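Single-structure report; data block below.
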Amino acid sequence: MLNAKVTSTRAANYQDWYQEVIAAADLAENSDVRGCMVIKPWGYALWENVQRVLDGMFKDTGHVNAYFPLFIPVSYLEKEASHVEGFAKECAVVTHHRLESRDGKLVPVGELEEPLVVRPTSETIIGASFAKWVQSYRDLPLLINQWANVVRWEMRTRLFLRTAEFLWQEGHTAHATSQEAIDETMKMLGVYAEFAEQFMAMPVVQGEKTAGERFPGAVQTFCIEAMMQDRKALQAGTSHFLGQNFSKASGIQFTDANNALAHAWTTSWGVSTRLIGGMIMTHADDDGMVCPPKLAPSHVVLLPVVRKPEDRQRVLDFTRALQKELRAQQFAGVPVRVDIDDRDIGGGEKAWQWIKKGVPLRVEIGPRDIDQDSVFVARRDKTPKEKTSVPRGEFVATIGATLQSIQDALFARANAYRLANTRDIDTKDDFYAYFAEPAKKKSSDPTPIHGGFAMAHFNGDPALETKIKDDLKVTVRCIPIGGGEPGVCPFTGQPSKQRVLWAKAY
RNA sequence: CGGGGCGUAGCGCAGUCUGGUAGCGCACUUGGUUCGGGACCAAGGAGUCGCAGGUUCAAAUCCUGUCGCCCCGACCA
């Protein structure tokens, strides 16, 4: 059903608006299984495009795909102390392997000797394989990626942003030297940033996490952070330098060139279906979804307008011919994706369905257009009213450029929004005022959109970070790469190496 | 696990206080008029009122128990 309308606005009720966009664009829905979502075809097509592009980028950087078990013996998790601590509280655990019917109910029997955890992440199970695969420095580096699902038993879930089960990719690599592993960590962070900006049209800040926000078991965690339209930060991808923590836990050892036994240096990095939540909250507007052209399931939808039955055939013939011409064109290295919607429903209703789905270009084709050999074009990055008549030949010849200009416009708009809501802050009072929650009329009202990104100096004290989190729900999202000028921490008066990015986060 | 709320048609809800034939909007089906900004008219289909007991001539409604879900908090890609 595509009857859902977006009636909330970002300004009035951001959370309701987000849910409504997902329903109206038919991206996903809640399932009967607690915390788990059903990704519907339009949403899954976005994910497939994410996969296709990223997979190509991973392969271009020397990685290969493999697949490891869904089940992880509990003893594997136990091998890395902080890793256990980080994930133990949210593990789904398999304890039995058989069901028996008793009094009409199926009850688990056949208890496992060792419980299995449904993977929350795969460092340990992949580490076990790496330990077998690596003998010599000549076996390194090992550059593996896995496309998979993982389960984290979260207390509160939200479509795409946090679900109990989600889809992702996880890269896992092993290297002979620390520097090589660090280089890999940074390279993949760069891949994520490029993907976010060039394909999702979502500007990001690259940086390092503070100790408190670090991946359990990592030496260093790096991330890309994006600003959503409620000015909160979304961690859109992470890349971890794991040092020798996991190679020691899993026994990934090799003989180096000097015939000495050494532990490998490992990395891991991942992005998930959360990226789709990021796309929604970066680009969608009060009318519905707005797909960045490079990832849109469909670039162009052709809408035949048939007023009289006798026009039907020539309108359809023209439309199909146009589809063929457009499909012969390229955009971002792939053939232009063109759909025809000739369903027998009202023209207004039909157009709105595609607006809500966020197709970059809608093209209306009626007898008037055919007579002039032109098409009536609407861009999703403009208002629904703005439609222009374009000669058919010109439309076809410039389709790639048109899609690119939509892509660029979306990035520019998102970037301008982020810049407009990012501020250097130099005093504690200004900081607290910037993030103070505006008063609500009723306690049940949604919290108005406020704050943004604050760039402020910080002495690095974890206790101070906790205090600010308790006071304002604001955390250090990252310490941006590229450094910056030293200064004074506005909270303590102590020296600070550089400004860090503070924000409320998803 | 603490605090609040809700289970009635596919979805959103009213009806519950004060017991008396199961309703509304959207969606769906059919026919007609429409169609380049979310159409209109007519007809129709669809519900063991979360579940189990109890009170009663009679329960969506009152009582008891129970299950589930949502929101706020703690936890989090």
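Simple scheme: letters A, B, ... for chains in structure tokens order, numbers from 1 for residues in each chain, numbers from 1 for ligands in the order shown.
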Using only C-alpha atoms (C1' of nucleotides), which residues sit within 10 Å of A:Glu111 once same-chain residues fewer than 6 positions away are excluded, as a list in words?
->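 Result of the neighbour search: Val94, Thr95, His96, His97 and Arg98 of chain A.
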DSSP-assigned strand (DSSP E or B) members of stretch 36-203 of chain A, reported as a PDB file with N, CA and C atoms, in the first residue's frame:
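result_20.pdb, freshly written:
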ATOM      1  N   MET A  37      13.228  -5.482  11.755  1.00  0.00           N
ATOM      2  CA  MET A  37      12.450  -4.831  10.700  1.00  0.00           C
ATOM      3  C   MET A  37      12.368  -5.712   9.455  1.00  0.00           C
ATOM      4  N   VAL A  38      11.325  -5.451   8.686  1.00  0.00           N
ATOM      5  CA  VAL A  38      11.225  -6.020   7.351  1.00  0.00           C
ATOM      6  C   VAL A  38      11.670  -4.915   6.398  1.00  0.00           C
ATOM      7  N   ILE A  39      12.695  -5.194   5.618  1.00  0.00           N
ATOM      8  CA  ILE A  39      13.140  -4.222   4.632  1.00  0.00           C
ATOM      9  C   ILE A  39      12.378  -4.504   3.349  1.00  0.00           C
ATOM     10  N   VAL A  64      38.974  -9.091  -0.556  1.00  0.00           N
ATOM     11  CA  VAL A  64      38.150 -10.155  -1.133  1.00  0.00           C
ATOM     12  C   VAL A  64      37.070 -10.536  -0.125  1.00  0.00           C
ATOM     13  N   ASN A  65      35.958 -11.057  -0.639  1.00  0.00           N
ATOM     14  CA  ASN A  65      34.853 -11.444   0.236  1.00  0.00           C
ATOM     15  C   ASN A  65      34.958 -12.898   0.681  1.00  0.00           C
ATOM     16  N   PHE A  71      27.093 -18.413  14.089  1.00  0.00           N
ATOM     17  CA  PHE A  71      27.182 -18.797  15.506  1.00  0.00           C
ATOM     18  C   PHE A  71      28.617 -18.727  16.003  1.00  0.00           C
ATOM     19  N   ILE A  72      28.767 -18.153  17.168  1.00  0.00           N
ATOM     20  CA  ILE A  72      30.098 -18.024  17.753  1.00  0.00           C
ATOM     21  C   ILE A  72      30.097 -18.695  19.122  1.00  0.00           C
ATOM     22  N   PRO A  73      30.983 -19.669  19.346  1.00  0.00           N
ATOM     23  CA  PRO A  73      31.059 -20.293  20.672  1.00  0.00           C
ATOM     24  C   PRO A  73      31.319 -19.224  21.735  1.00  0.00           C
ATOM     25  N   VAL A  93      21.539 -15.799  22.549  1.00  0.00           N
ATOM     26  CA  VAL A  93      22.298 -17.006  22.865  1.00  0.00           C
ATOM     27  C   VAL A  93      21.506 -18.244  22.464  1.00  0.00           C
ATOM     28  N   VAL A  94      22.153 -19.143  21.745  1.00  0.00           N
ATOM     29  CA  VAL A  94      21.534 -20.411  21.365  1.00  0.00           C
ATOM     30  C   VAL A  94      21.998 -21.480  22.342  1.00  0.00           C
ATOM     31  N   THR A  95      21.032 -22.110  23.008  1.00  0.00           N
ATOM     32  CA  THR A  95      21.398 -23.084  24.036  1.00  0.00           C
ATOM     33  C   THR A  95      20.907 -24.499  23.729  1.00  0.00           C
ATOM     34  N   HIS A  96      19.996 -24.646  22.771  1.00  0.00           N
ATOM     35  CA  HIS A  96      19.427 -25.957  22.453  1.00  0.00           C
ATOM     36  C   HIS A  96      19.434 -26.185  20.947  1.00  0.00           C
ATOM     37  N   HIS A  97      19.317 -27.443  20.551  1.00  0.00           N
ATOM     38  CA  HIS A  97      19.359 -27.729  19.119  1.00  0.00           C
ATOM     39  C   HIS A  97      18.185 -28.563  18.632  1.00  0.00           C
ATOM     40  N   ARG A  98      17.136 -28.674  19.441  1.00  0.00           N
ATOM     41  CA  ARG A  98      16.018 -29.517  19.027  1.00  0.00           C
ATOM     42  C   ARG A  98      14.751 -29.059  19.745  1.00  0.00           C
ATOM     43  N   LEU A  99      13.600 -29.310  19.096  1.00  0.00           N
ATOM     44  CA  LEU A  99      12.310 -29.005  19.708  1.00  0.00           C
ATOM     45  C   LEU A  99      11.518 -30.295  19.843  1.00  0.00           C
ATOM     46  N   GLU A 100      10.811 -30.429  20.956  1.00  0.00           N
ATOM     47  CA  GLU A 100       9.918 -31.570  21.138  1.00  0.00           C
ATOM     48  C   GLU A 100       8.534 -31.069  21.486  1.00  0.00           C
ATOM     49  N   SER A 101       7.523 -31.825  21.007  1.00  0.00           N
ATOM     50  CA  SER A 101       6.149 -31.441  21.281  1.00  0.00           C
ATOM     51  C   SER A 101       5.711 -32.027  22.617  1.00  0.00           C
ATOM     52  N   ARG A 102       5.349 -31.130  23.527  1.00  0.00           N
ATOM     53  CA  ARG A 102       4.825 -31.574  24.826  1.00  0.00           C
ATOM     54  C   ARG A 102       3.548 -30.794  25.118  1.00  0.00           C
ATOM     55  N   LYS A 105       2.770 -28.014  22.869  1.00  0.00           N
ATOM     56  CA  LYS A 105       3.723 -26.904  22.773  1.00  0.00           C
ATOM     57  C   LYS A 105       5.094 -27.453  22.383  1.00  0.00           C
ATOM     58  N   LEU A 106       5.805 -26.677  21.605  1.00  0.00           N
ATOM     59  CA  LEU A 106       7.165 -27.075  21.254  1.00  0.00           C
ATOM     60  C   LEU A 106       8.110 -26.539  22.324  1.00  0.00           C
ATOM     61  N   VAL A 107       8.871 -27.442  22.905  1.00  0.00           N
ATOM     62  CA  VAL A 107       9.818 -27.003  23.934  1.00  0.00           C
ATOM     63  C   VAL A 107      11.233 -27.399  23.507  1.00  0.00           C
ATOM     64  N   PRO A 108      12.194 -26.534  23.827  1.00  0.00           N
ATOM     65  CA  PRO A 108      13.581 -26.837  23.447  1.00  0.00           C
ATOM     66  C   PRO A 108      14.129 -27.997  24.286  1.00  0.00           C
ATOM     67  N   VAL A 109      14.772 -28.906  23.616  1.00  0.00           N
ATOM     68  CA  VAL A 109      15.497 -29.980  24.311  1.00  0.00           C
ATOM     69  C   VAL A 109      16.838 -30.135  23.607  1.00  0.00           C
ATOM     70  N   GLY A 110      17.679 -31.000  24.126  1.00  0.00           N
ATOM     71  CA  GLY A 110      18.986 -31.200  23.521  1.00  0.00           C
ATOM     72  C   GLY A 110      19.876 -30.009  23.812  1.00  0.00           C
ATOM     73  N   GLU A 111      20.196 -29.813  25.060  1.00  0.00           N
ATOM     74  CA  GLU A 111      21.010 -28.660  25.441  1.00  0.00           C
ATOM     75  C   GLU A 111      22.423 -28.787  24.874  1.00  0.00           C
ATOM     76  N   LEU A 112      22.945 -27.675  24.379  1.00  0.00           N
ATOM     77  CA  LEU A 112      24.299 -27.683  23.826  1.00  0.00           C
ATOM     78  C   LEU A 112      25.318 -27.733  24.953  1.00  0.00           C
ATOM     79  N   GLU A 113      26.409 -28.408  24.694  1.00  0.00           N
ATOM     80  CA  GLU A 113      27.481 -28.435  25.693  1.00  0.00           C
ATOM     81  C   GLU A 113      28.028 -27.041  25.904  1.00  0.00           C
ATOM     82  N   GLU A 114      28.207 -26.332  24.785  1.00  0.00           N
ATOM     83  CA  GLU A 114      28.663 -24.947  24.894  1.00  0.00           C
ATOM     84  C   GLU A 114      27.676 -24.048  24.155  1.00  0.00           C
ATOM     85  N   PRO A 115      27.102 -23.068  24.846  1.00  0.00           N
ATOM     86  CA  PRO A 115      26.160 -22.169  24.175  1.00  0.00           C
ATOM     87  C   PRO A 115      26.829 -21.441  23.004  1.00  0.00           C
ATOM     88  N   LEU A 116      26.025 -21.084  22.019  1.00  0.00           N
ATOM     89  CA  LEU A 116      26.509 -20.327  20.871  1.00  0.00           C
ATOM     90  C   LEU A 116      25.868 -18.948  20.896  1.00  0.00           C
ATOM     91  N   VAL A 117      26.655 -17.953  20.586  1.00  0.00           N
ATOM     92  CA  VAL A 117      26.145 -16.595  20.498  1.00  0.00           C
ATOM     93  C   VAL A 117      25.872 -16.292  19.034  1.00  0.00           C
ATOM     94  N   VAL A 118      24.737 -15.659  18.751  1.00  0.00           N
ATOM     95  CA  VAL A 118      24.500 -15.175  17.394  1.00  0.00           C
ATOM     96  C   VAL A 118      25.383 -13.946  17.221  1.00  0.00           C
ATOM     97  N   SER A 136      53.276 -17.443   7.971  1.00  0.00           N
ATOM     98  CA  SER A 136      54.483 -16.701   7.624  1.00  0.00           C
ATOM     99  C   SER A 136      54.123 -15.254   7.317  1.00  0.00           C
ATOM    100  N   LEU A 142      46.306 -10.062   5.147  1.00  0.00           N
ATOM    101  CA  LEU A 142      45.087 -10.793   4.862  1.00  0.00           C
ATOM    102  C   LEU A 142      43.977  -9.738   4.815  1.00  0.00           C
ATOM    103  N   LEU A 143      43.339  -9.607   3.663  1.00  0.00           N
ATOM    104  CA  LEU A 143      42.371  -8.515   3.486  1.00  0.00           C
ATOM    105  C   LEU A 143      41.005  -9.086   3.132  1.00  0.00           C
ATOM    106  N   ILE A 144      40.167  -9.262   4.154  1.00  0.00           N
ATOM    107  CA  ILE A 144      38.897  -9.981   3.992  1.00  0.00           C
ATOM    108  C   ILE A 144      37.716  -9.076   4.341  1.00  0.00           C
ATOM    109  N   ASN A 145      36.656  -9.236   3.565  1.00  0.00           N
ATOM    110  CA  ASN A 145      35.393  -8.558   3.906  1.00  0.00           C
ATOM    111  C   ASN A 145      34.270  -9.589   3.941  1.00  0.00           C
ATOM    112  N   GLN A 146      33.298  -9.343   4.798  1.00  0.00           N
ATOM    113  CA  GLN A 146      32.114 -10.205   4.857  1.00  0.00           C
ATOM    114  C   GLN A 146      30.853  -9.352   4.818  1.00  0.00           C
ATOM    115  N   TRP A 147      29.908  -9.740   3.936  1.00  0.00           N
ATOM    116  CA  TRP A 147      28.564  -9.134   3.948  1.00  0.00           C
ATOM    117  C   TRP A 147      27.691 -10.061   4.774  1.00  0.00           C
ATOM    118  N   ALA A 148      27.050  -9.546   5.795  1.00  0.00           N
ATOM    119  CA  ALA A 148      26.334 -10.436   6.699  1.00  0.00           C
ATOM    120  C   ALA A 148      25.263  -9.693   7.484  1.00  0.00           C
ATOM    121  N   ASN A 149      24.559 -10.451   8.284  1.00  0.00           N
ATOM    122  CA  ASN A 149      23.649  -9.886   9.268  1.00  0.00           C
ATOM    123  C   ASN A 149      24.247 -10.112  10.647  1.00  0.00           C
ATOM    124  N   VAL A 150      23.962  -9.217  11.568  1.00  0.00           N
ATOM    125  CA  VAL A 150      24.402  -9.396  12.948  1.00  0.00           C
ATOM    126  C   VAL A 150      23.240  -9.079  13.883  1.00  0.00           C
ATOM    127  N   VAL A 151      23.349  -9.549  15.111  1.00  0.00           N
ATOM    128  CA  VAL A 151      22.282  -9.349  16.093  1.00  0.00           C
ATOM    129  C   VAL A 151      22.840  -8.704  17.355  1.00  0.00           C
ATOM    130  N   ARG A 158      14.861   1.409  16.471  1.00  0.00           N
ATOM    131  CA  ARG A 158      14.317   2.385  15.530  1.00  0.00           C
ATOM    132  C   ARG A 158      14.657   1.905  14.135  1.00  0.00           C
ATOM    133  N   ARG A 162      18.617   1.630  14.502  1.00  0.00           N
ATOM    134  CA  ARG A 162      19.036   0.673  15.524  1.00  0.00           C
ATOM    135  C   ARG A 162      17.996  -0.432  15.583  1.00  0.00           C
ATOM    136  N   GLU A 165      18.348  -6.985  14.694  1.00  0.00           N
ATOM    137  CA  GLU A 165      19.137  -7.590  13.621  1.00  0.00           C
ATOM    138  C   GLU A 165      19.363  -6.523  12.573  1.00  0.00           C
ATOM    139  N   PHE A 166      20.568  -6.432  12.056  1.00  0.00           N
ATOM    140  CA  PHE A 166      20.786  -5.519  10.934  1.00  0.00           C
ATOM    141  C   PHE A 166      21.781  -6.111   9.948  1.00  0.00           C
ATOM    142  N   LEU A 167      21.748  -5.541   8.740  1.00  0.00           N
ATOM    143  CA  LEU A 167      22.657  -5.988   7.684  1.00  0.00           C
ATOM    144  C   LEU A 167      23.859  -5.059   7.667  1.00  0.00           C
ATOM    145  N   TRP A 168      25.017  -5.633   7.385  1.00  0.00           N
ATOM    146  CA  TRP A 168      26.203  -4.789   7.306  1.00  0.00           C
ATOM    147  C   TRP A 168      27.274  -5.477   6.516  1.00  0.00           C
ATOM    148  N   GLN A 169      28.410  -4.793   6.409  1.00  0.00           N
ATOM    149  CA  GLN A 169      29.627  -5.450   5.967  1.00  0.00           C
ATOM    150  C   GLN A 169      30.637  -5.232   7.066  1.00  0.00           C
ATOM    151  N   GLU A 170      31.509  -6.217   7.247  1.00  0.00           N
ATOM    152  CA  GLU A 170      32.587  -6.059   8.213  1.00  0.00           C
ATOM    153  C   GLU A 170      33.879  -6.488   7.539  1.00  0.00           C
ATOM    154  N   GLY A 171      34.811  -5.553   7.469  1.00  0.00           N
ATOM    155  CA  GLY A 171      36.124  -5.872   6.935  1.00  0.00           C
ATOM    156  C   GLY A 171      37.024  -6.300   8.081  1.00  0.00           C
ATOM    157  N   HIS A 172      37.820  -7.313   7.834  1.00  0.00           N
ATOM    158  CA  HIS A 172      38.767  -7.782   8.852  1.00  0.00           C
ATOM    159  C   HIS A 172      40.098  -8.033   8.172  1.00  0.00           C
ATOM    160  N   THR A 173      41.122  -7.360   8.660  1.00  0.00           N
ATOM    161  CA  THR A 173      42.427  -7.527   8.022  1.00  0.00           C
ATOM    162  C   THR A 173      43.502  -7.801   9.059  1.00  0.00           C
ATOM    163  N   ALA A 174      44.551  -8.501   8.615  1.00  0.00           N
ATOM    164  CA  ALA A 174      45.702  -8.791   9.479  1.00  0.00           C
ATOM    165  C   ALA A 174      46.967  -8.377   8.745  1.00  0.00           C
ATOM    166  N   HIS A 175      47.881  -7.777   9.496  1.00  0.00           N
ATOM    167  CA  HIS A 175      49.091  -7.212   8.888  1.00  0.00           C
ATOM    168  C   HIS A 175      50.326  -7.577   9.711  1.00  0.00           C
TER     169      HIS A 175
END
For chain A, report every residue with an atom at most 6 Å from chain B (counting only C-alpha atoms (C1' of nucleotides)), formatted as a list in words.
->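 Putting it all together, I get Gly346, Gly347, Gly348 and Glu349 of chain A.
For the pair atom CA of A:Phe431 and atom CA of A:Glu208, the separation is 21.4 Å.
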Excluding same-chain residues fewer than 6 positions from A:Ile182, what lies within 9 Å of it counting only C-alpha atoms (C1' of nucleotides), as a PyMOL selection string?
-> chain A and resi 240-243+265-267
Create the file for the chosen residues now, containing C-alpha atoms and written as a PDB file, in the first residue's frame.
ATOM      1  CA  HIS A 240      39.182   0.240  14.093  1.00  0.00           C
ATOM      2  CA  PHE A 241      42.870  -0.286  14.681  1.00  0.00           C
ATOM      3  CA  LEU A 242      42.853  -3.349  16.912  1.00  0.00           C
ATOM      4  CA  GLY A 243      46.574  -3.503  17.613  1.00  0.00           C
ATOM      5  CA  TRP A 265      48.246  -6.477  13.770  1.00  0.00           C
ATOM      6  CA  THR A 266      44.587  -6.406  12.875  1.00  0.00           C
ATOM      7  CA  THR A 267      41.867  -3.980  11.837  1.00  0.00           C
TER       8      THR A 267
END
For stretch 49-60 of chain A, please output as an NGL selection string all residues within 8 Å (counting only C-alpha atoms (C1' of nucleotides); exclusion window: fewer than 5 positions along the same chain).
-> :A and (145 or 191 or 195 or 295-297)
Selected residues written out, C-alpha atoms, as a compact mmCIF listing (two decimals), in the first residue's frame:
# COMPACT_ATOMS: atom_id res chain seq x y z
CA ASN A 145 35.39 -8.56 3.91
CA VAL A 191 36.75 4.87 1.58
CA PHE A 195 31.29 6.82 -0.29
CA LEU A 295 21.98 5.20 -5.08
CA ALA A 296 18.37 5.68 -6.18
CA PRO A 297 16.66 2.38 -7.08
All helix (DSSP H, G or I) residues (DSSP, backbone) inside stretch 161-304 of chain A, as a count of residues only = 44
